[in-house]
file entry-v8.pdb (PDB, C-alpha atoms, pLDDT in the B column)
ATOM      1  CA  MET S 140     -83.319  87.590  10.662  1.00 57.00           C
ATOM      2  CA  ILE S 141     -81.398  89.015   7.668  1.00 58.00           C
ATOM      3  CA  ARG S 142     -82.600  92.447   6.584  1.00 63.00           C
ATOM      4  CA  ALA S 143     -83.609  93.106   2.978  1.00 62.00           C
ATOM      5  CA  ILE S 144     -81.620  96.317   2.601  1.00 64.00           C
ATOM      6  CA  GLY S 145     -78.914  98.204   4.487  1.00 67.00           C
ATOM      7  CA  LYS S 146     -75.667  97.195   6.156  1.00 71.00           C
ATOM      8  CA  GLY S 147     -75.344  93.455   6.765  1.00 72.00           C
ATOM      9  CA  SER S 148     -78.356  92.714   4.577  1.00 79.00           C
ATOM     10  CA  LEU S 149     -78.501  89.905   2.057  1.00 81.00           C
ATOM     11  CA  ALA S 150     -78.429  92.513  -0.756  1.00 82.00           C
ATOM     12  CA  SER S 151     -75.203  94.077   0.500  1.00 85.00           C
ATOM     13  CA  ILE S 152     -73.568  90.659   1.094  1.00 88.00           C
ATOM     14  CA  LEU S 153     -74.586  89.620  -2.426  1.00 89.00           C
ATOM     15  CA  ALA S 154     -73.271  92.911  -3.815  1.00 90.00           C
ATOM     16  CA  VAL S 155     -69.859  92.358  -2.186  1.00 92.00           C
ATOM     17  CA  GLY S 156     -69.738  88.805  -3.527  1.00 94.00           C
ATOM     18  CA  LEU S 157     -70.770  89.901  -7.014  1.00 95.00           C
ATOM     19  CA  HIS S 158     -68.164  92.700  -7.037  1.00 95.00           C
ATOM     20  CA  ILE S 159     -65.469  90.097  -6.320  1.00 96.00           C
ATOM     21  CA  VAL S 160     -66.906  87.781  -8.987  1.00 96.00           C
ATOM     22  CA  ARG S 161     -66.990  90.689 -11.442  1.00 96.00           C
ATOM     23  CA  VAL S 162     -63.264  91.377 -10.974  1.00 97.00           C
ATOM     24  CA  ILE S 163     -62.392  87.686 -11.458  1.00 96.00           C
ATOM     25  CA  VAL S 164     -64.664  87.354 -14.515  1.00 96.00           C
ATOM     26  CA  TRP S 165     -63.271  90.615 -15.988  1.00 96.00           C
ATOM     27  CA  ILE S 166     -59.691  89.314 -15.689  1.00 96.00           C
ATOM     28  CA  ALA S 167     -60.661  85.958 -17.239  1.00 95.00           C
ATOM     29  CA  PHE S 168     -62.627  87.709 -19.991  1.00 95.00           C
ATOM     30  CA  ALA S 169     -59.731  90.057 -20.781  1.00 95.00           C
ATOM     31  CA  GLY S 170     -57.343  87.079 -20.949  1.00 95.00           C
ATOM     32  CA  LEU S 171     -59.706  85.151 -23.203  1.00 94.00           C
ATOM     33  CA  SER S 172     -60.185  88.213 -25.437  1.00 94.00           C
ATOM     34  CA  ALA S 173     -56.400  88.430 -25.821  1.00 93.00           C
ATOM     35  CA  ALA S 174     -56.252  84.679 -26.525  1.00 90.00           C
ATOM     36  CA  ILE S 175     -58.992  84.941 -29.189  1.00 89.00           C
ATOM     37  CA  VAL S 176     -56.882  87.519 -31.031  1.00 89.00           C
ATOM     38  CA  ALA S 177     -53.523  85.819 -30.349  1.00 86.00           C
ATOM     39  CA  ILE S 178     -54.299  82.189 -31.244  1.00 83.00           C
ATOM     40  CA  PRO S 179     -54.600  82.686 -35.032  1.00 82.00           C
ATOM     41  CA  LEU S 180     -51.434  84.816 -34.964  1.00 83.00           C
ATOM     42  CA  ILE S 181     -49.204  82.430 -32.979  1.00 80.00           C
ATOM     43  CA  PRO S 182     -48.227  79.918 -35.789  1.00 76.00           C
ATOM     44  CA  PRO S 183     -47.326  82.570 -38.412  1.00 78.00           C
ATOM     45  CA  PHE S 184     -45.522  84.596 -35.741  1.00 80.00           C
ATOM     46  CA  ALA S 185     -43.522  81.536 -34.643  1.00 77.00           C
ATOM     47  CA  HIS S 186     -42.560  80.781 -38.230  1.00 75.00           C
ATOM     48  CA  TRP S 187     -41.620  84.412 -38.834  1.00 81.00           C
ATOM     49  CA  LEU S 188     -39.537  84.354 -35.656  1.00 79.00           C
ATOM     50  CA  ALA S 189     -37.829  81.138 -36.744  1.00 76.00           C
ATOM     51  CA  GLY S 190     -36.958  82.690 -40.084  1.00 77.00           C
ATOM     52  CA  LEU S 191     -35.162  85.699 -38.607  1.00 80.00           C
ATOM     53  CA  ASP S 192     -31.441  86.057 -39.100  1.00 76.00           C
ATOM     54  CA  GLY S 193     -29.521  84.607 -36.201  1.00 76.00           C
ATOM     55  CA  VAL S 194     -32.381  82.333 -35.083  1.00 75.00           C
ATOM     56  CA  SER S 195     -31.850  78.638 -35.558  1.00 74.00           C
ATOM     57  CA  VAL S 196     -34.383  75.908 -34.900  1.00 72.00           C
ATOM     58  CA  ASN S 197     -33.194  72.389 -34.248  1.00 72.00           C
ATOM     59  CA  GLY S 198     -35.560  69.883 -35.839  1.00 69.00           C
ATOM     60  CA  ASP S 199     -39.063  70.657 -37.107  1.00 68.00           C
ATOM     61  CA  LEU S 200     -40.847  73.733 -35.801  1.00 64.00           C
ATOM     62  CA  ASP S 201     -44.090  72.391 -34.311  1.00 67.00           C
ATOM     63  CA  VAL S 202     -46.389  75.089 -32.951  1.00 67.00           C
ATOM     64  CA  ASP S 203     -49.203  73.092 -31.391  1.00 71.00           C
ATOM     65  CA  VAL S 204     -51.956  75.714 -31.545  1.00 72.00           C
ATOM     66  CA  GLY S 205     -54.778  74.720 -33.831  1.00 76.00           C
ATOM     67  CA  ALA S 206     -58.431  75.283 -34.595  1.00 80.00           C
ATOM     68  CA  ASP S 207     -59.489  72.971 -31.736  1.00 83.00           C
ATOM     69  CA  ASP S 208     -57.723  75.261 -29.243  1.00 85.00           C
ATOM     70  CA  PHE S 209     -59.490  78.233 -30.793  1.00 87.00           C
ATOM     71  CA  VAL S 210     -62.873  76.504 -30.274  1.00 90.00           C
ATOM     72  CA  VAL S 211     -62.083  75.831 -26.601  1.00 91.00           C
ATOM     73  CA  VAL S 212     -61.102  79.470 -26.070  1.00 91.00           C
ATOM     74  CA  LEU S 213     -64.180  80.662 -27.993  1.00 92.00           C
ATOM     75  CA  ARG S 214     -66.438  78.498 -25.804  1.00 93.00           C
ATOM     76  CA  ASN S 215     -64.970  80.018 -22.645  1.00 93.00           C
ATOM     77  CA  PHE S 216     -64.992  83.513 -24.172  1.00 95.00           C
ATOM     78  CA  ILE S 217     -68.763  83.266 -24.735  1.00 95.00           C
ATOM     79  CA  SER S 218     -69.374  81.763 -21.271  1.00 94.00           C
ATOM     80  CA  PHE S 219     -67.375  84.440 -19.481  1.00 96.00           C
ATOM     81  CA  GLY S 220     -68.895  87.175 -21.671  1.00 96.00           C
ATOM     82  CA  VAL S 221     -72.390  86.065 -20.687  1.00 97.00           C
ATOM     83  CA  ALA S 222     -71.325  85.742 -17.036  1.00 97.00           C
ATOM     84  CA  LEU S 223     -69.885  89.252 -17.085  1.00 97.00           C
ATOM     85  CA  TYR S 224     -73.039  90.707 -18.650  1.00 97.00           C
ATOM     86  CA  VAL S 225     -75.277  88.922 -16.115  1.00 97.00           C
ATOM     87  CA  VAL S 226     -73.141  89.986 -13.140  1.00 97.00           C
ATOM     88  CA  GLU S 227     -73.202  93.629 -14.315  1.00 96.00           C
ATOM     89  CA  ARG S 228     -77.014  93.543 -14.623  1.00 97.00           C
ATOM     90  CA  LEU S 229     -77.377  91.851 -11.205  1.00 95.00           C
ATOM     91  CA  LEU S 230     -75.228  94.565  -9.619  1.00 95.00           C
ATOM     92  CA  GLU S 231     -77.459  97.226 -11.186  1.00 95.00           C
ATOM     93  CA  LEU S 232     -80.521  95.388  -9.845  1.00 94.00           C
ATOM     94  CA  LEU S 233     -79.020  95.216  -6.360  1.00 92.00           C
ATOM     95  CA  LYS S 234     -78.182  98.921  -6.537  1.00 90.00           C
ATOM     96  CA  THR S 235     -81.849  99.797  -7.112  1.00 91.00           C
ATOM     97  CA  LEU S 236     -82.803  97.435  -4.267  1.00 89.00           C
ATOM     98  CA  ARG S 237     -80.367  99.183  -1.921  1.00 85.00           C
ATOM     99  CA  PHE S 238     -81.845 102.548  -2.916  1.00 84.00           C
ATOM    100  CA  GLY S 239     -85.289 101.142  -2.102  1.00 85.00           C
ATOM    101  CA  THR S 240     -86.672 101.356  -5.633  1.00 87.00           C
ATOM    102  CA  PRO S 241     -86.568  97.817  -7.070  1.00 90.00           C
ATOM    103  CA  PHE S 242     -89.954  97.954  -8.778  1.00 92.00           C
ATOM    104  CA  VAL S 243     -89.094 100.091 -11.783  1.00 93.00           C
ATOM    105  CA  LYS S 244     -89.507  99.339 -15.489  1.00 93.00           C
ATOM    106  CA  GLU S 245     -85.708  99.370 -15.960  1.00 95.00           C
ATOM    107  CA  ASN S 246     -85.369  96.319 -13.698  1.00 96.00           C
ATOM    108  CA  ALA S 247     -87.942  94.414 -15.730  1.00 96.00           C
ATOM    109  CA  ILE S 248     -85.835  95.188 -18.815  1.00 97.00           C
ATOM    110  CA  ARG S 249     -82.652  94.130 -16.943  1.00 97.00           C
ATOM    111  CA  PHE S 250     -84.185  90.779 -15.992  1.00 97.00           C
ATOM    112  CA  ARG S 251     -85.366  90.233 -19.569  1.00 97.00           C
ATOM    113  CA  ASN S 252     -81.883  91.059 -20.892  1.00 97.00           C
ATOM    114  CA  VAL S 253     -80.355  88.603 -18.389  1.00 97.00           C
ATOM    115  CA  GLY S 254     -82.741  85.943 -19.712  1.00 97.00           C
ATOM    116  CA  ILE S 255     -81.806  86.752 -23.317  1.00 97.00           C
ATOM    117  CA  ALA S 256     -78.069  86.670 -22.487  1.00 97.00           C
ATOM    118  CA  LEU S 257     -78.397  83.286 -20.755  1.00 97.00           C
ATOM    119  CA  LEU S 258     -80.427  81.956 -23.680  1.00 97.00           C
ATOM    120  CA  VAL S 259     -77.840  83.164 -26.197  1.00 96.00           C
ATOM    121  CA  GLY S 260     -75.065  81.641 -24.059  1.00 95.00           C
ATOM    122  CA  GLU S 261     -76.863  78.298 -23.891  1.00 94.00           C
ATOM    123  CA  LEU S 262     -77.845  78.234 -27.568  1.00 94.00           C
ATOM    124  CA  SER S 263     -74.273  79.130 -28.560  1.00 95.00           C
ATOM    125  CA  LYS S 264     -73.386  75.610 -27.378  1.00 93.00           C
ATOM    126  CA  ILE S 265     -75.054  74.302 -30.552  1.00 93.00           C
ATOM    127  CA  PHE S 266     -72.708  76.436 -32.658  1.00 93.00           C
ATOM    128  CA  ILE S 267     -69.722  75.451 -30.487  1.00 93.00           C
ATOM    129  CA  GLY S 268     -70.754  71.783 -30.745  1.00 92.00           C
ATOM    130  CA  ILE S 269     -70.730  71.974 -34.554  1.00 92.00           C
ATOM    131  CA  LEU S 270     -67.301  73.653 -34.489  1.00 91.00           C
ATOM    132  CA  ALA S 271     -66.055  71.003 -32.033  1.00 90.00           C
ATOM    133  CA  MET S 272     -67.204  68.230 -34.384  1.00 90.00           C
ATOM    134  CA  ILE S 273     -65.389  69.853 -37.301  1.00 90.00           C
ATOM    135  CA  THR S 274     -62.148  70.577 -35.436  1.00 87.00           C
ATOM    136  CA  GLY S 275     -62.181  67.683 -32.985  1.00 85.00           C
ATOM    137  CA  ALA S 276     -62.021  70.029 -30.005  1.00 84.00           C
ATOM    138  CA  ASP S 277     -62.785  68.568 -26.588  1.00 86.00           C
ATOM    139  CA  VAL S 278     -65.459  70.906 -25.200  1.00 86.00           C
ATOM    140  CA  ASP S 279     -68.644  70.393 -23.212  1.00 83.00           C
ATOM    141  CA  ALA S 280     -71.424  71.477 -25.567  1.00 82.00           C
ATOM    142  CA  ASP S 281     -74.310  69.503 -24.047  1.00 86.00           C
ATOM    143  CA  LEU S 282     -77.601  71.358 -23.648  1.00 88.00           C
ATOM    144  CA  ASP S 283     -79.123  71.143 -20.178  1.00 89.00           C
ATOM    145  CA  LEU S 284     -82.908  71.127 -19.665  1.00 93.00           C
ATOM    146  CA  MET S 285     -82.562  72.587 -16.158  1.00 95.00           C
ATOM    147  CA  ILE S 286     -80.753  75.637 -17.550  1.00 94.00           C
ATOM    148  CA  PHE S 287     -83.611  76.253 -19.989  1.00 96.00           C
ATOM    149  CA  ILE S 288     -86.082  76.010 -17.079  1.00 97.00           C
ATOM    150  CA  ALA S 289     -83.945  78.490 -15.109  1.00 96.00           C
ATOM    151  CA  ILE S 290     -83.930  80.838 -18.125  1.00 97.00           C
ATOM    152  CA  ALA S 291     -87.738  80.544 -18.324  1.00 97.00           C
ATOM    153  CA  ALA S 292     -87.880  81.449 -14.600  1.00 97.00           C
ATOM    154  CA  VAL S 293     -85.834  84.601 -15.307  1.00 97.00           C
ATOM    155  CA  PHE S 294     -88.261  85.610 -18.076  1.00 97.00           C
ATOM    156  CA  VAL S 295     -91.217  84.996 -15.735  1.00 97.00           C
ATOM    157  CA  LEU S 296     -89.476  87.124 -13.095  1.00 96.00           C
ATOM    158  CA  ALA S 297     -89.025  89.883 -15.690  1.00 96.00           C
ATOM    159  CA  GLU S 298     -92.771  89.895 -16.357  1.00 96.00           C
ATOM    160  CA  VAL S 299     -93.502  89.896 -12.604  1.00 95.00           C
ATOM    161  CA  PHE S 300     -91.221  92.932 -12.239  1.00 95.00           C
ATOM    162  CA  ARG S 301     -92.929  94.657 -15.176  1.00 95.00           C
ATOM    163  CA  GLU S 302     -96.318  94.219 -13.499  1.00 95.00           C
ATOM    164  CA  GLY S 303     -94.832  95.193 -10.120  1.00 94.00           C
ATOM    165  CA  ALA S 304     -93.411  98.380 -11.637  1.00 94.00           C
ATOM    166  CA  ARG S 305     -96.786  99.199 -13.200  1.00 92.00           C
ATOM    167  CA  MET S 306     -98.573  98.658  -9.864  1.00 92.00           C
ATOM    168  CA  LYS S 307     -95.981 100.751  -8.005  1.00 92.00           C
ATOM    169  CA  GLU S 308     -96.363 103.602 -10.499  1.00 90.00           C
ATOM    170  CA  GLU S 309    -100.136 103.409 -10.172  1.00 90.00           C
ATOM    171  CA  GLN S 310     -99.850 103.457  -6.387  1.00 90.00           C
ATOM    172  CA  ASP S 311     -97.470 106.435  -6.492  1.00 89.00           C
ATOM    173  CA  LEU S 312     -99.839 108.315  -8.782  1.00 91.00           C
ATOM    174  CA  THR S 313    -102.991 107.575  -6.776  1.00 92.00           C
ATOM    175  CA  VAL S 314    -104.217 110.574  -4.840  1.00 90.00           C
TER     176      VAL S 314
ATOM    177  CA  MET Q 148    -105.356 109.520 -20.695  1.00 69.00           C
ATOM    178  CA  SER Q 149    -108.973 110.068 -21.731  1.00 84.00           C
ATOM    179  CA  ILE Q 150    -109.925 111.416 -18.293  1.00 88.00           C
ATOM    180  CA  SER Q 151    -109.047 115.065 -17.847  1.00 90.00           C
ATOM    181  CA  VAL Q 152    -109.064 116.947 -14.563  1.00 92.00           C
ATOM    182  CA  LYS Q 153    -110.451 120.488 -14.372  1.00 92.00           C
ATOM    183  CA  LEU Q 154    -109.562 121.129 -10.748  1.00 92.00           C
ATOM    184  CA  ASP Q 155    -107.827 124.408 -11.546  1.00 91.00           C
ATOM    185  CA  ARG Q 156    -111.029 125.781 -13.142  1.00 92.00           C
ATOM    186  CA  VAL Q 157    -113.177 124.857 -10.114  1.00 94.00           C
ATOM    187  CA  LEU Q 158    -110.563 126.330  -7.774  1.00 94.00           C
ATOM    188  CA  LEU Q 159    -110.597 129.539  -9.811  1.00 94.00           C
ATOM    189  CA  ASP Q 160    -114.417 129.702  -9.654  1.00 93.00           C
ATOM    190  CA  ARG Q 161    -114.340 129.257  -5.865  1.00 92.00           C
ATOM    191  CA  GLY Q 162    -111.422 131.666  -5.421  1.00 92.00           C
ATOM    192  CA  MET Q 163    -109.452 129.039  -3.561  1.00 93.00           C
ATOM    193  CA  SER Q 164    -105.742 128.214  -3.838  1.00 93.00           C
ATOM    194  CA  LEU Q 165    -104.285 124.708  -4.052  1.00 93.00           C
ATOM    195  CA  THR Q 166    -102.542 125.244  -0.719  1.00 93.00           C
ATOM    196  CA  GLU Q 167    -105.837 126.150   0.952  1.00 94.00           C
ATOM    197  CA  LEU Q 168    -107.588 123.125  -0.530  1.00 94.00           C
ATOM    198  CA  SER Q 169    -104.684 120.944   0.578  1.00 94.00           C
ATOM    199  CA  GLU Q 170    -105.060 122.133   4.182  1.00 93.00           C
ATOM    200  CA  ARG Q 171    -108.841 121.689   4.131  1.00 93.00           C
ATOM    201  CA  VAL Q 172    -108.980 118.175   2.654  1.00 92.00           C
ATOM    202  CA  GLY Q 173    -105.824 116.835   4.290  1.00 92.00           C
ATOM    203  CA  VAL Q 174    -104.126 115.843   1.021  1.00 92.00           C
ATOM    204  CA  THR Q 175    -100.563 116.971   0.357  1.00 92.00           C
ATOM    205  CA  ILE Q 176     -99.936 119.725  -2.205  1.00 93.00           C
ATOM    206  CA  ALA Q 177     -97.715 117.289  -4.097  1.00 93.00           C
ATOM    207  CA  ASN Q 178    -100.613 114.862  -4.510  1.00 92.00           C
ATOM    208  CA  LEU Q 179    -103.074 117.619  -5.431  1.00 94.00           C
ATOM    209  CA  SER Q 180    -100.564 118.878  -8.015  1.00 93.00           C
ATOM    210  CA  ILE Q 181    -100.385 115.373  -9.502  1.00 93.00           C
ATOM    211  CA  LEU Q 182    -104.185 115.453  -9.752  1.00 93.00           C
ATOM    212  CA  LYS Q 183    -104.347 119.004 -11.114  1.00 92.00           C
ATOM    213  CA  THR Q 184    -101.724 118.430 -13.801  1.00 91.00           C
ATOM    214  CA  GLY Q 185    -103.443 115.269 -15.026  1.00 88.00           C
ATOM    215  CA  LYS Q 186    -100.570 112.954 -14.027  1.00 89.00           C
ATOM    216  CA  ALA Q 187    -102.713 110.960 -11.574  1.00 92.00           C
ATOM    217  CA  LYS Q 188    -103.456 107.338 -12.493  1.00 90.00           C
ATOM    218  CA  ALA Q 189    -106.260 106.940  -9.925  1.00 91.00           C
ATOM    219  CA  ILE Q 190    -108.218 108.887  -7.329  1.00 92.00           C
ATOM    220  CA  ARG Q 191    -109.606 107.442  -4.115  1.00 93.00           C
ATOM    221  CA  PHE Q 192    -113.321 107.934  -3.424  1.00 95.00           C
ATOM    222  CA  SER Q 193    -112.338 109.411  -0.047  1.00 93.00           C
ATOM    223  CA  THR Q 194    -110.147 112.046  -1.753  1.00 93.00           C
ATOM    224  CA  LEU Q 195    -112.832 112.832  -4.319  1.00 94.00           C
ATOM    225  CA  GLU Q 196    -115.442 113.074  -1.577  1.00 95.00           C
ATOM    226  CA  ALA Q 197    -113.301 115.459   0.469  1.00 94.00           C
ATOM    227  CA  ILE Q 198    -112.556 117.679  -2.541  1.00 95.00           C
ATOM    228  CA  CYS Q 199    -116.224 117.802  -3.632  1.00 95.00           C
ATOM    229  CA  LYS Q 200    -117.288 118.580  -0.070  1.00 94.00           C
ATOM    230  CA  GLU Q 201    -114.862 121.486   0.260  1.00 93.00           C
ATOM    231  CA  LEU Q 202    -115.476 122.886  -3.216  1.00 94.00           C
ATOM    232  CA  GLN Q 203    -119.248 122.310  -3.058  1.00 93.00           C
ATOM    233  CA  CYS Q 204    -119.291 120.567  -6.414  1.00 94.00           C
ATOM    234  CA  GLN Q 205    -120.015 117.228  -8.104  1.00 94.00           C
ATOM    235  CA  PRO Q 206    -117.330 114.737  -9.249  1.00 94.00           C
ATOM    236  CA  GLY Q 207    -118.401 115.531 -12.803  1.00 94.00           C
ATOM    237  CA  ASP Q 208    -117.388 119.155 -12.304  1.00 93.00           C
ATOM    238  CA  ILE Q 209    -113.791 118.026 -11.742  1.00 93.00           C
ATOM    239  CA  LEU Q 210    -113.438 114.966 -13.976  1.00 93.00           C
ATOM    240  CA  PHE Q 211    -114.222 114.854 -17.704  1.00 91.00           C
ATOM    241  CA  PHE Q 212    -114.071 112.064 -20.213  1.00 90.00           C
ATOM    242  CA  GLU Q 213    -112.733 112.858 -23.673  1.00 84.00           C
ATOM    243  CA  ASP Q 214    -111.939 109.834 -25.858  1.00 81.00           C
ATOM    244  CA  ASP Q 215    -108.429 110.301 -27.264  1.00 76.00           C
ATOM    245  CA  GLY Q 216    -108.566 106.994 -29.140  1.00 77.00           C
ATOM    246  CA  ARG Q 217    -105.623 105.474 -27.222  1.00 75.00           C
ATOM    247  CA  PRO Q 218    -105.862 102.056 -25.555  1.00 73.00           C
ATOM    248  CA  ILE Q 219    -106.826 102.116 -21.863  1.00 67.00           C
ATOM    249  CA  ARG Q 220    -103.546 100.583 -20.587  1.00 60.00           C
ATOM    250  CA  ASP Q 221    -100.863 102.295 -22.614  1.00 50.00           C
ATOM    251  CA  ASP Q 222     -97.971 101.684 -20.203  1.00 52.00           C
TER     252      ASP Q 222
END

call {"tool": "encode", "arguments": {"input": "entry-v8.pdb", "output": "structure tokens"}}
result
Amino acid sequence: MIRAIGKGSLASILAVGLHIVRVIVWIAFAGLSAAIVAIPLIPPFAHWLAGLDGVSVNGDLDVDVGADDFVVVLRNFISFGVALYVVERLLELLKTLRFGTPFVKENAIRFRNVGIALLVGELSKIFIGILAMITGADVDADLDLMIFIAIAAVFVLAEVFREGARMKEEQDLTV
Amino acid sequence: MSISVKLDRVLLDRGMSLTELSERVGVTIANLSILKTGKAKAIRFSTLEAICKELQCQPGDILFFEDDGRPIRDD
């Protein structure tokens, strides 16, 4: 049977996995952040470069980076931003579990913030969908009922943790 | 909290220290300190019984109700 805490426990296995995921998501997020800044600058930079003395361009200069590309990058930027935020909160939750103090008010707040982040991430698809319609970008902006149910489950879990923390505090302060 | 604990006053009247009471009733000093400083959220009947027995007093000598106007569950 897998132990709840300690070496070889599910919590420590999850923590290792989440640390790896965090590194990957951080790299992707950093790349997307750079892309968000770079995309609007690429066409003017290319034209400036083409206009420099000693630079010749054969034919028309066609820099194929448009608003639709920006929407795709923005969609992924939001997704990875939310993923990064959720992973960070989950690691903090696991840390309290490994220290043997999961039922604290802070964890209820963490779960609620995870729920809010997921909700913002999901609702941002509406905004991305509108942008995709305007620019013609090919992005998946469909809302999924199951994700909203999962978000509701996270909020319920947050309330369970809040009550758990209150009961734990009451137990600790019962003489 | 509207319930205040006057354990220190009763201890003073009986000339007993918290350490002595702790040894007599079998409750840790840490827990008695929580009670004495008013941080306790609840007290078991068994603890109250043991304290009253040792201090020869009534629960009402230790616990007082003073309405501070705050809601009961303010956590």

call {"tool": "residues_around", "arguments": {"input": "entry-v8.pdb", "residues": "segment 159-168 of chain Q", "least_positions_apart": "2", "cutoff": "8 Å", "atoms": "only C-alpha atoms", "output": "PyMOL selection string"}}
result
chain Q and resi 155-157+170-172+176+179-180+198+201-202

call {"tool": "write_last_selection", "arguments": {"input": "entry-v8.pdb", "atoms": "C-alpha atoms", "output": "PDB file, keeping the file's coordinate frame"}}
result
ATOM      1  CA  ASP Q 155    -107.827 124.408 -11.546  1.00 91.00           C
ATOM      2  CA  ARG Q 156    -111.029 125.781 -13.142  1.00 92.00           C
ATOM      3  CA  VAL Q 157    -113.177 124.857 -10.114  1.00 94.00           C
ATOM      4  CA  GLU Q 170    -105.060 122.133   4.182  1.00 93.00           C
ATOM      5  CA  ARG Q 171    -108.841 121.689   4.131  1.00 93.00           C
ATOM      6  CA  VAL Q 172    -108.980 118.175   2.654  1.00 92.00           C
ATOM      7  CA  ILE Q 176     -99.936 119.725  -2.205  1.00 93.00           C
ATOM      8  CA  LEU Q 179    -103.074 117.619  -5.431  1.00 94.00           C
ATOM      9  CA  SER Q 180    -100.564 118.878  -8.015  1.00 93.00           C
ATOM     10  CA  ILE Q 198    -112.556 117.679  -2.541  1.00 95.00           C
ATOM     11  CA  GLU Q 201    -114.862 121.486   0.260  1.00 93.00           C
ATOM     12  CA  LEU Q 202    -115.476 122.886  -3.216  1.00 94.00           C
TER      13      LEU Q 202
END

call {"tool": "resolve_selection", "arguments": {"input": "entry-v8.pdb", "expression": "the PyMOL selection byres ((chain S and resi 172) around 12)", "output": "MDAnalysis selection string"}}
result
chainID S and resid 164:171 173:178 209 212:220

call {"tool": "resolve_selection", "arguments": {"input": "entry-v8.pdb", "expression": "the ChimeraX specification (/S :<6) & /Q", "output": "ChimeraX atom specification"}}
result
/Q:178,187-190

call {"tool": "resolve_selection", "arguments": {"input": "entry-v8.pdb", "expression": "the PyMOL selection byres ((chain Q and resi 215) around 8)", "output": "ChimeraX atom specification"}}
result
/Q:148-149,213-214,216-217

call {"tool": "write_last_selection", "arguments": {"input": "entry-v8.pdb", "atoms": "C-alpha atoms", "output": "PDB file, keeping the file's coordinate frame"}}
result
ATOM      1  CA  MET Q 148    -105.356 109.520 -20.695  1.00 69.00           C
ATOM      2  CA  SER Q 149    -108.973 110.068 -21.731  1.00 84.00           C
ATOM      3  CA  GLU Q 213    -112.733 112.858 -23.673  1.00 84.00           C
ATOM      4  CA  ASP Q 214    -111.939 109.834 -25.858  1.00 81.00           C
ATOM      5  CA  GLY Q 216    -108.566 106.994 -29.140  1.00 77.00           C
ATOM      6  CA  ARG Q 217    -105.623 105.474 -27.222  1.00 75.00           C
TER       7      ARG Q 217
END

call {"tool": "atom_distance", "arguments": {"input": "entry-v8.pdb", "atom1": "atom CA of Ile273 of chain S", "atom2": "atom CA of Val204 of chain S"}}
result
15.7 Å

call {"tool": "closest_residue", "arguments": {"input": "entry-v8.pdb", "among": "S:Val253, S:Val210, S:Ala185, S:Val194", "to": "Leu223 of chain S", "atoms": "all atoms listed in the file"}}
result
S:Val253

call {"tool": "residues_around", "arguments": {"input": "entry-v8.pdb", "residues": "Arg161 of chain S", "least_positions_apart": "5", "cutoff": "10 Å", "atoms": "all atoms listed in the file", "output": "JSON, numbers by chain"}}
result
{"S": [155, 156, 166, 167, 222, 223, 224, 225, 226, 227, 230]}

call {"tool": "atom_distance", "arguments": {"input": "entry-v8.pdb", "atom1": "atom CA of Asn246 of chain S", "atom2": "atom CA of Ile290 of chain S"}}
result
16.2 Å

call {"tool": "atom_distance", "arguments": {"input": "entry-v8.pdb", "atom1": "atom CA of Asp207 of chain S", "atom2": "atom CA of Val221 of chain S"}}
result
21.4 Å

call {"tool": "residues_around", "arguments": {"input": "entry-v8.pdb", "residues": "Pro183 of chain S", "least_positions_apart": "2", "cutoff": "12 Å", "atoms": "all atoms listed in the file", "output": "PyMOL selection string"}}
result
chain S and resi 177-181+185-190+200-205

call {"tool": "residues_around", "arguments": {"input": "entry-v8.pdb", "residues": "Thr235 of chain S", "least_positions_apart": "2", "cutoff": "12 Å", "atoms": "all atoms listed in the file", "output": "number ranges by chain"}}
result
S: 144, 150-151, 154, 228-233, 237-247, 249

call {"tool": "build_atoms", "arguments": {"input": "entry-v8.pdb", "residues": "segment 172-181 of chain S", "atoms": "N, CA and C atoms", "output": "short mmCIF file (atom, residue, chain, number, x, y, z; two decimals), keeping the file's coordinate frame"}}
result
data_model
loop_
_atom_site.label_atom_id
_atom_site.label_comp_id
_atom_site.auth_asym_id
_atom_site.auth_seq_id
_atom_site.Cartn_x
_atom_site.Cartn_y
_atom_site.Cartn_z
N SER S 172 -60.11 87.30 -24.29
CA SER S 172 -60.18 88.21 -25.44
C SER S 172 -58.82 88.29 -26.12
N ALA S 173 -57.77 88.38 -25.28
CA ALA S 173 -56.40 88.43 -25.82
C ALA S 173 -56.08 87.12 -26.53
N ALA S 174 -56.53 86.00 -25.94
CA ALA S 174 -56.25 84.68 -26.52
C ALA S 174 -56.96 84.51 -27.87
N ILE S 175 -58.20 85.03 -27.94
CA ILE S 175 -58.99 84.94 -29.19
C ILE S 175 -58.22 85.62 -30.34
N VAL S 176 -57.63 86.76 -30.02
CA VAL S 176 -56.88 87.52 -31.03
C VAL S 176 -55.53 86.84 -31.30
N ALA S 177 -54.90 86.33 -30.23
CA ALA S 177 -53.52 85.82 -30.35
C ALA S 177 -53.43 84.45 -31.03
N ILE S 178 -54.40 83.58 -30.75
CA ILE S 178 -54.30 82.19 -31.24
C ILE S 178 -54.08 82.10 -32.77
N PRO S 179 -54.86 82.80 -33.58
CA PRO S 179 -54.60 82.69 -35.03
C PRO S 179 -53.25 83.27 -35.45
N LEU S 180 -52.69 84.15 -34.59
CA LEU S 180 -51.43 84.82 -34.96
C LEU S 180 -50.18 84.05 -34.51
N ILE S 181 -50.37 83.13 -33.55
CA ILE S 181 -49.20 82.43 -32.98
C ILE S 181 -48.41 81.62 -34.02
#
